[in-house]
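**Student:** A single structure is presented below for examination.
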Amino acid sequence: MSRTRTNQEWLHDLNASGALQEAAIADLRDLLLRAALYFFSRNLGDFKGLNRDEITERAEDCAQDALIAVLNHLSDFRGDSKFSTWAYKFAINMAMMSARRERWKGVSLDELASSDESNFFEWMLQDKAEGIAPEQSAMQAEVRGILQEVIAHDLTDKQRRVLALMVFNEVPMDEVVRHLGTNRNAVYKMLHDARLKLKNGLQAHGIEVGETLTLFSTSR
Amino acid sequence: MKRNRLERWLQNISKTQEEEISCSECFDSVSHFVEVELSGADAAKKMPQLKQHLDQCPACREEYETLRDLARLENDGELPSSNDLQNLIP
């Protein structure tokens, strides 16, 4: 069973040498494996077709990758949390990427990324409620029109692509990152910039976005 | 289902800020956010930019939720062993 350590003890032992360091690394690897397995146990749907041994092996790979990341970033630990809490996030991050990669392997993101704005509006209209007031219906149409215009004319090609993948098709971010050959920060920024343009586009037409929530949610 | 997704997206647009922190900045501080939360304090109030990022970023939000639940189990002395966790896998 892993020995309980204070933050200072973790840092001291991991930076030590010999048996002391080996024991700390072994205990840390165990914690990271538990974190990876914990994530996998909550997301077994991503691993259809794999047996327990195969999933466990994936978790061990994640734990090893996380261990390397933790050791490489020891100097970044600020002490504003328990060391284990800080370390777990590396394993959870690796585990999530692994799970999503398994779930989405074989899916062509090129096809999903080429969804144009008309597909989006089919998506928006598909669940159109019946029996809503004409005025509400007209306002919904106006909002859709503004969003369509911003998507078609104001977003960059990359912003449209990310929108199509993540919002229309709910592709996980790490799969979008892999598909585009970039990183999470860049993808988040693309989506943020797209959201900002859509928000500003609605406001330029005198529509506060908060109003649109009521507009669409009451038409059930 | 599609209507819920639309509403969620409109909500995200509504809450968009001019400046938002990145996924890296979120990753750097999320363990502290979890500790503040588990201490019973209002983490969202103390770290509003991080909370806002978690509201907007599904990937970071999922990692945060797992981290929070794992840290809570550890605090309560109930962190499952590797064997116990493997046995949860069919």
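Identifiers in the structure tokens: chain A, B, ... in order shown; residue index from 1 per chain; ligand index from 1 in order shown.
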Determine, for each residue of chain B having at least one atom at most 12 Å from an atom of segment 131-147 of chain A, the closest pair of atoms and their separation in Å to one decimal, counting only C-alpha atoms; order by chain and ascending number, as a Markdown table.
**Tutor:**
| residue | atom | partner | partner_atom | distance |
| --- | --- | --- | --- | --- |
| B:Leu6 | CA | A:Arg144 | CA | 11.2 |
| B:Trp9 | CA | A:Leu147 | CA | 11.8 |
| B:Leu10 | CA | A:Leu147 | CA | 10.4 |
| B:Ile13 | CA | A:Leu147 | CA | 11.0 |
**Student:** Go ahead and save the picked residues with N, CA and C atoms, as a PDB file, in the first residue's frame.
**Tutor:**
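again_24.pdb was written with the following content:
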ATOM      1  N   LEU B   6     -28.882  23.191 -28.384  1.00  0.00           N
ATOM      2  CA  LEU B   6     -28.993  24.562 -28.886  1.00  0.00           C
ATOM      3  C   LEU B   6     -29.044  25.535 -27.726  1.00  0.00           C
ATOM      4  N   TRP B   9     -25.712  25.943 -26.183  1.00  0.00           N
ATOM      5  CA  TRP B   9     -24.815  26.729 -27.029  1.00  0.00           C
ATOM      6  C   TRP B   9     -25.141  28.213 -26.930  1.00  0.00           C
ATOM      7  N   LEU B  10     -26.426  28.538 -26.941  1.00  0.00           N
ATOM      8  CA  LEU B  10     -26.821  29.936 -26.798  1.00  0.00           C
ATOM      9  C   LEU B  10     -26.405  30.475 -25.424  1.00  0.00           C
ATOM     10  N   ILE B  13     -22.767  31.273 -25.656  1.00  0.00           N
ATOM     11  CA  ILE B  13     -22.569  32.535 -26.375  1.00  0.00           C
ATOM     12  C   ILE B  13     -22.899  33.705 -25.459  1.00  0.00           C
TER      13      ILE B  13
END
**Student:** Dump as a ChimeraX atom specification the residues of chain A that approach chain B to within 8 Å, counting only C-alpha atoms.
**Tutor:** /A:30,33-35,37-39,41,44,51-52,56,80-82,85-86,88-89,92-93,96,123-124,126-127,167,172-174,184-185,188-189,192,195-196,198-199,208-210,212-213,216-217
**Student:** Please write the residues from the selection above to a file, keeping N, CA and C atoms, as a tab-separated table (two decimals), in the first residue's frame.
**Tutor:**
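Result file follows (selection-v4.tsv):
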chain	number	residue	atom	x	y	z
A	30	ASP	N	1.48	4.26	-8.66
A	30	ASP	CA	0.25	3.59	-8.21
A	30	ASP	C	-0.92	4.57	-8.14
A	33	LEU	N	-2.01	5.41	-11.65
A	33	LEU	CA	-2.74	4.28	-12.24
A	33	LEU	C	-4.18	4.26	-11.72
A	34	ARG	N	-4.33	4.51	-10.43
A	34	ARG	CA	-5.68	4.54	-9.87
A	34	ARG	C	-6.52	5.67	-10.48
A	35	ALA	N	-5.88	6.81	-10.72
A	35	ALA	CA	-6.59	7.93	-11.34
A	35	ALA	C	-7.04	7.57	-12.76
A	37	LEU	N	-7.48	4.51	-14.02
A	37	LEU	CA	-8.51	3.48	-13.94
A	37	LEU	C	-9.85	4.06	-13.51
A	38	TYR	N	-9.78	5.02	-12.60
A	38	TYR	CA	-11.00	5.68	-12.13
A	38	TYR	C	-11.70	6.38	-13.29
A	39	PHE	N	-10.93	7.09	-14.10
A	39	PHE	CA	-11.53	7.77	-15.27
A	39	PHE	C	-12.12	6.74	-16.23
A	41	SER	N	-13.18	3.78	-15.61
A	41	SER	CA	-14.36	3.10	-15.06
A	41	SER	C	-15.62	3.95	-15.21
A	44	LEU	N	-16.62	3.66	-19.61
A	44	LEU	CA	-16.42	2.36	-20.25
A	44	LEU	C	-17.01	2.32	-21.66
A	51	ASN	N	-11.27	-5.80	-23.84
A	51	ASN	CA	-11.52	-6.54	-22.60
A	51	ASN	C	-10.79	-5.86	-21.43
A	52	ARG	N	-10.97	-6.43	-20.25
A	52	ARG	CA	-10.43	-5.82	-19.04
A	52	ARG	C	-8.91	-5.69	-19.12
A	56	THR	N	-6.92	-2.23	-18.93
A	56	THR	CA	-5.94	-2.05	-17.86
A	56	THR	C	-4.58	-1.67	-18.43
A	80	ASP	N	-0.31	24.80	-3.65
A	80	ASP	CA	-1.63	25.34	-3.32
A	80	ASP	C	-2.72	24.26	-3.37
A	81	SER	N	-2.27	23.02	-3.38
A	81	SER	CA	-3.18	21.88	-3.26
A	81	SER	C	-2.36	20.72	-2.70
A	82	LYS	N	-3.04	19.63	-2.40
A	82	LYS	CA	-2.29	18.43	-2.05
A	82	LYS	C	-1.49	18.00	-3.28
A	85	THR	N	-3.48	15.62	-5.47
A	85	THR	CA	-4.50	16.27	-6.29
A	85	THR	C	-3.86	16.88	-7.53
A	86	TRP	N	-2.74	17.54	-7.33
A	86	TRP	CA	-2.00	18.15	-8.45
A	86	TRP	C	-1.54	17.09	-9.43
A	88	TYR	N	-2.80	13.98	-9.87
A	88	TYR	CA	-3.91	13.23	-10.50
A	88	TYR	C	-4.32	13.84	-11.83
A	89	LYS	N	-4.27	15.18	-11.92
A	89	LYS	CA	-4.79	15.82	-13.13
A	89	LYS	C	-3.98	15.41	-14.36
A	92	ILE	N	-5.47	12.02	-15.30
A	92	ILE	CA	-6.83	12.17	-15.82
A	92	ILE	C	-6.78	12.72	-17.24
A	93	ASN	N	-5.90	13.67	-17.48
A	93	ASN	CA	-5.74	14.25	-18.81
A	93	ASN	C	-5.31	13.18	-19.82
A	96	MET	N	-8.20	10.68	-20.41
A	96	MET	CA	-9.28	11.21	-21.24
A	96	MET	C	-8.90	11.19	-22.72
A	123	TRP	N	-30.31	21.43	-38.30
A	123	TRP	CA	-30.19	20.93	-36.93
A	123	TRP	C	-31.00	21.79	-35.98
A	124	MET	N	-30.93	23.10	-36.15
A	124	MET	CA	-31.65	24.00	-35.26
A	124	MET	C	-33.16	23.89	-35.48
A	126	GLN	N	-34.87	21.24	-36.67
A	126	GLN	CA	-35.45	19.90	-36.58
A	126	GLN	C	-36.35	19.71	-35.39
A	127	ASP	N	-36.03	20.41	-34.32
A	127	ASP	CA	-36.78	20.22	-33.10
A	127	ASP	C	-37.77	21.36	-32.90
A	167	VAL	N	-19.42	21.86	-31.83
A	167	VAL	CA	-20.76	22.27	-31.42
A	167	VAL	C	-21.83	21.45	-32.15
A	172	PRO	N	-15.10	15.43	-29.31
A	172	PRO	CA	-14.31	15.88	-28.16
A	172	PRO	C	-13.15	16.77	-28.59
A	173	MET	N	-12.80	17.69	-27.75
A	173	MET	CA	-11.77	18.67	-28.09
A	173	MET	C	-10.44	18.02	-28.48
A	174	ASP	N	-10.03	16.99	-27.72
A	174	ASP	CA	-8.73	16.38	-28.03
A	174	ASP	C	-8.71	15.70	-29.39
A	184	ARG	N	-4.80	22.39	-27.53
A	184	ARG	CA	-6.08	22.76	-26.92
A	184	ARG	C	-6.26	24.26	-26.87
A	185	ASN	N	-5.20	24.97	-26.52
A	185	ASN	CA	-5.33	26.43	-26.39
A	185	ASN	C	-5.79	27.06	-27.70
A	188	TYR	N	-9.46	26.17	-28.34
A	188	TYR	CA	-10.33	26.94	-27.44
A	188	TYR	C	-10.44	28.38	-27.92
A	189	LYS	N	-9.33	28.94	-28.35
A	189	LYS	CA	-9.33	30.33	-28.83
A	189	LYS	C	-10.20	30.48	-30.07
A	192	HIS	N	-13.70	30.41	-28.89
A	192	HIS	CA	-13.97	31.64	-28.14
A	192	HIS	C	-14.21	32.81	-29.10
A	195	ARG	N	-17.55	32.45	-30.73
A	195	ARG	CA	-18.63	32.82	-29.79
A	195	ARG	C	-18.76	34.33	-29.68
A	196	LEU	N	-17.59	34.98	-29.62
A	196	LEU	CA	-17.58	36.44	-29.46
A	196	LEU	C	-18.20	37.11	-30.68
A	198	LEU	N	-20.40	35.81	-32.70
A	198	LEU	CA	-21.84	35.53	-32.70
A	198	LEU	C	-22.55	36.43	-31.69
A	199	LYS	N	-21.94	36.59	-30.52
A	199	LYS	CA	-22.54	37.44	-29.49
A	199	LYS	C	-22.61	38.89	-29.98
A	208	GLU	N	-30.06	41.06	-27.16
A	208	GLU	CA	-29.24	40.56	-26.06
A	208	GLU	C	-29.35	39.04	-26.06
A	209	VAL	N	-28.22	38.37	-26.04
A	209	VAL	CA	-28.23	36.91	-26.21
A	209	VAL	C	-29.04	36.23	-25.12
A	210	GLY	N	-29.05	36.83	-23.93
A	210	GLY	CA	-29.84	36.25	-22.85
A	210	GLY	C	-31.31	36.12	-23.21
A	212	THR	N	-32.45	35.38	-26.10
A	212	THR	CA	-32.65	34.26	-27.02
A	212	THR	C	-32.91	32.96	-26.27
A	213	LEU	N	-32.39	32.88	-25.05
A	213	LEU	CA	-32.58	31.66	-24.27
A	213	LEU	C	-34.07	31.47	-23.98
A	216	PHE	N	-36.13	30.48	-27.18
A	216	PHE	CA	-36.10	29.10	-27.65
A	216	PHE	C	-36.56	28.12	-26.59
A	217	SER	N	-36.35	28.44	-25.33
A	217	SER	CA	-36.69	27.46	-24.30
A	217	SER	C	-38.18	27.37	-24.04
**Student:** Please indicate the distance in Å from atom CA of Met94 of chain A to atom CA of Cys62 of chain A, rounded to one decimal place.
**Tutor:** 5.4 Å
**Student:** Among chain B, which residues does DSSP mark as alpha helix (DSSP H) when it is run on the backbone? Keep the chain and numbering as in the structure and answer as a PyMOL selection string.
**Tutor:** chain B and resi 2-14+23-38+43-46+48-56+58-75+82-86
**Student:** Between atom CA of Asn75 of chain B and atom CA of Phe40 of chain A, measure the distance and give it in Å to one decimal.
**Tutor:** 20.8 Å
**Student:** Give me the residues within 7 Å of segment 150-160 of chain A as a list of chain:residue names, counting only C-alpha atoms and dropping any in the same chain fewer than 4 places off.
**Tutor:**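 Near segment 150-160 of chain A, the qualifying residues are A:Glu117, A:Ile146, A:Ala164, A:Met190, A:Leu191, A:Ala194, A:Leu198, A:Gly201.
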**Student:** Please, could you write that set of residues out with C-alpha atoms as a short mmCIF file (atom, residue, chain, number, x, y, z; two decimals), in the first residue's frame?
**Tutor:**
data_model
loop_
_atom_site.label_atom_id
_atom_site.label_comp_id
_atom_site.auth_asym_id
_atom_site.auth_seq_id
_atom_site.Cartn_x
_atom_site.Cartn_y
_atom_site.Cartn_z
CA GLU A 117 -24.08 26.34 -42.03
CA ILE A 146 -28.33 36.58 -37.78
CA ALA A 164 -18.97 22.23 -37.01
CA MET A 190 -10.95 29.55 -32.20
CA LEU A 191 -14.21 28.65 -30.48
CA ALA A 194 -16.41 32.43 -32.87
CA LEU A 198 -21.84 35.53 -32.70
CA GLY A 201 -23.46 39.97 -34.19
#
**Student:** Give me, as JSON, numbers by chain, all polymer residues having an atom no more than 8 Å from Leu67 of chain A, counting only C-alpha atoms and skipping those fewer than 5 positions away in the same chain.
**Tutor:** {"A": [28, 29, 32, 91]}
**Student:** Next, the residues of the selection above should be written as a short mmCIF file (atom, residue, chain, number, x, y, z; two decimals), in the first residue's frame with N, CA and C atoms.
**Tutor:**
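Saved file again.cif follows:
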data_model
loop_
_atom_site.label_atom_id
_atom_site.label_comp_id
_atom_site.auth_asym_id
_atom_site.auth_seq_id
_atom_site.Cartn_x
_atom_site.Cartn_y
_atom_site.Cartn_z
N LEU A 28 3.89 6.93 -6.45
CA LEU A 28 3.26 7.91 -7.35
C LEU A 28 2.65 7.20 -8.55
N ARG A 29 3.37 6.24 -9.09
CA ARG A 29 2.84 5.49 -10.24
C ARG A 29 1.53 4.79 -9.87
N LEU A 32 -1.25 7.34 -9.82
CA LEU A 32 -1.61 7.76 -11.17
C LEU A 32 -2.38 6.65 -11.90
N ALA A 91 -2.75 12.40 -14.89
CA ALA A 91 -3.24 11.08 -15.26
C ALA A 91 -4.64 11.16 -15.87
#
**Student:** One decimal, in Å: what's the spacing between atom CA of Glu111 of chain A and atom CA of Val171 of chain A?
**Tutor:**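 The value is 12.2 Å.
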**Student:** Looking at only C-alpha atoms, which of A:Lys48, A:Ala23, A:Arg78, A:Ser98 is the one that sits closest to Asp61 of chain A?
**Tutor:**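 Selected residue with least distance to Asp61 of chain A: A:Ser98.
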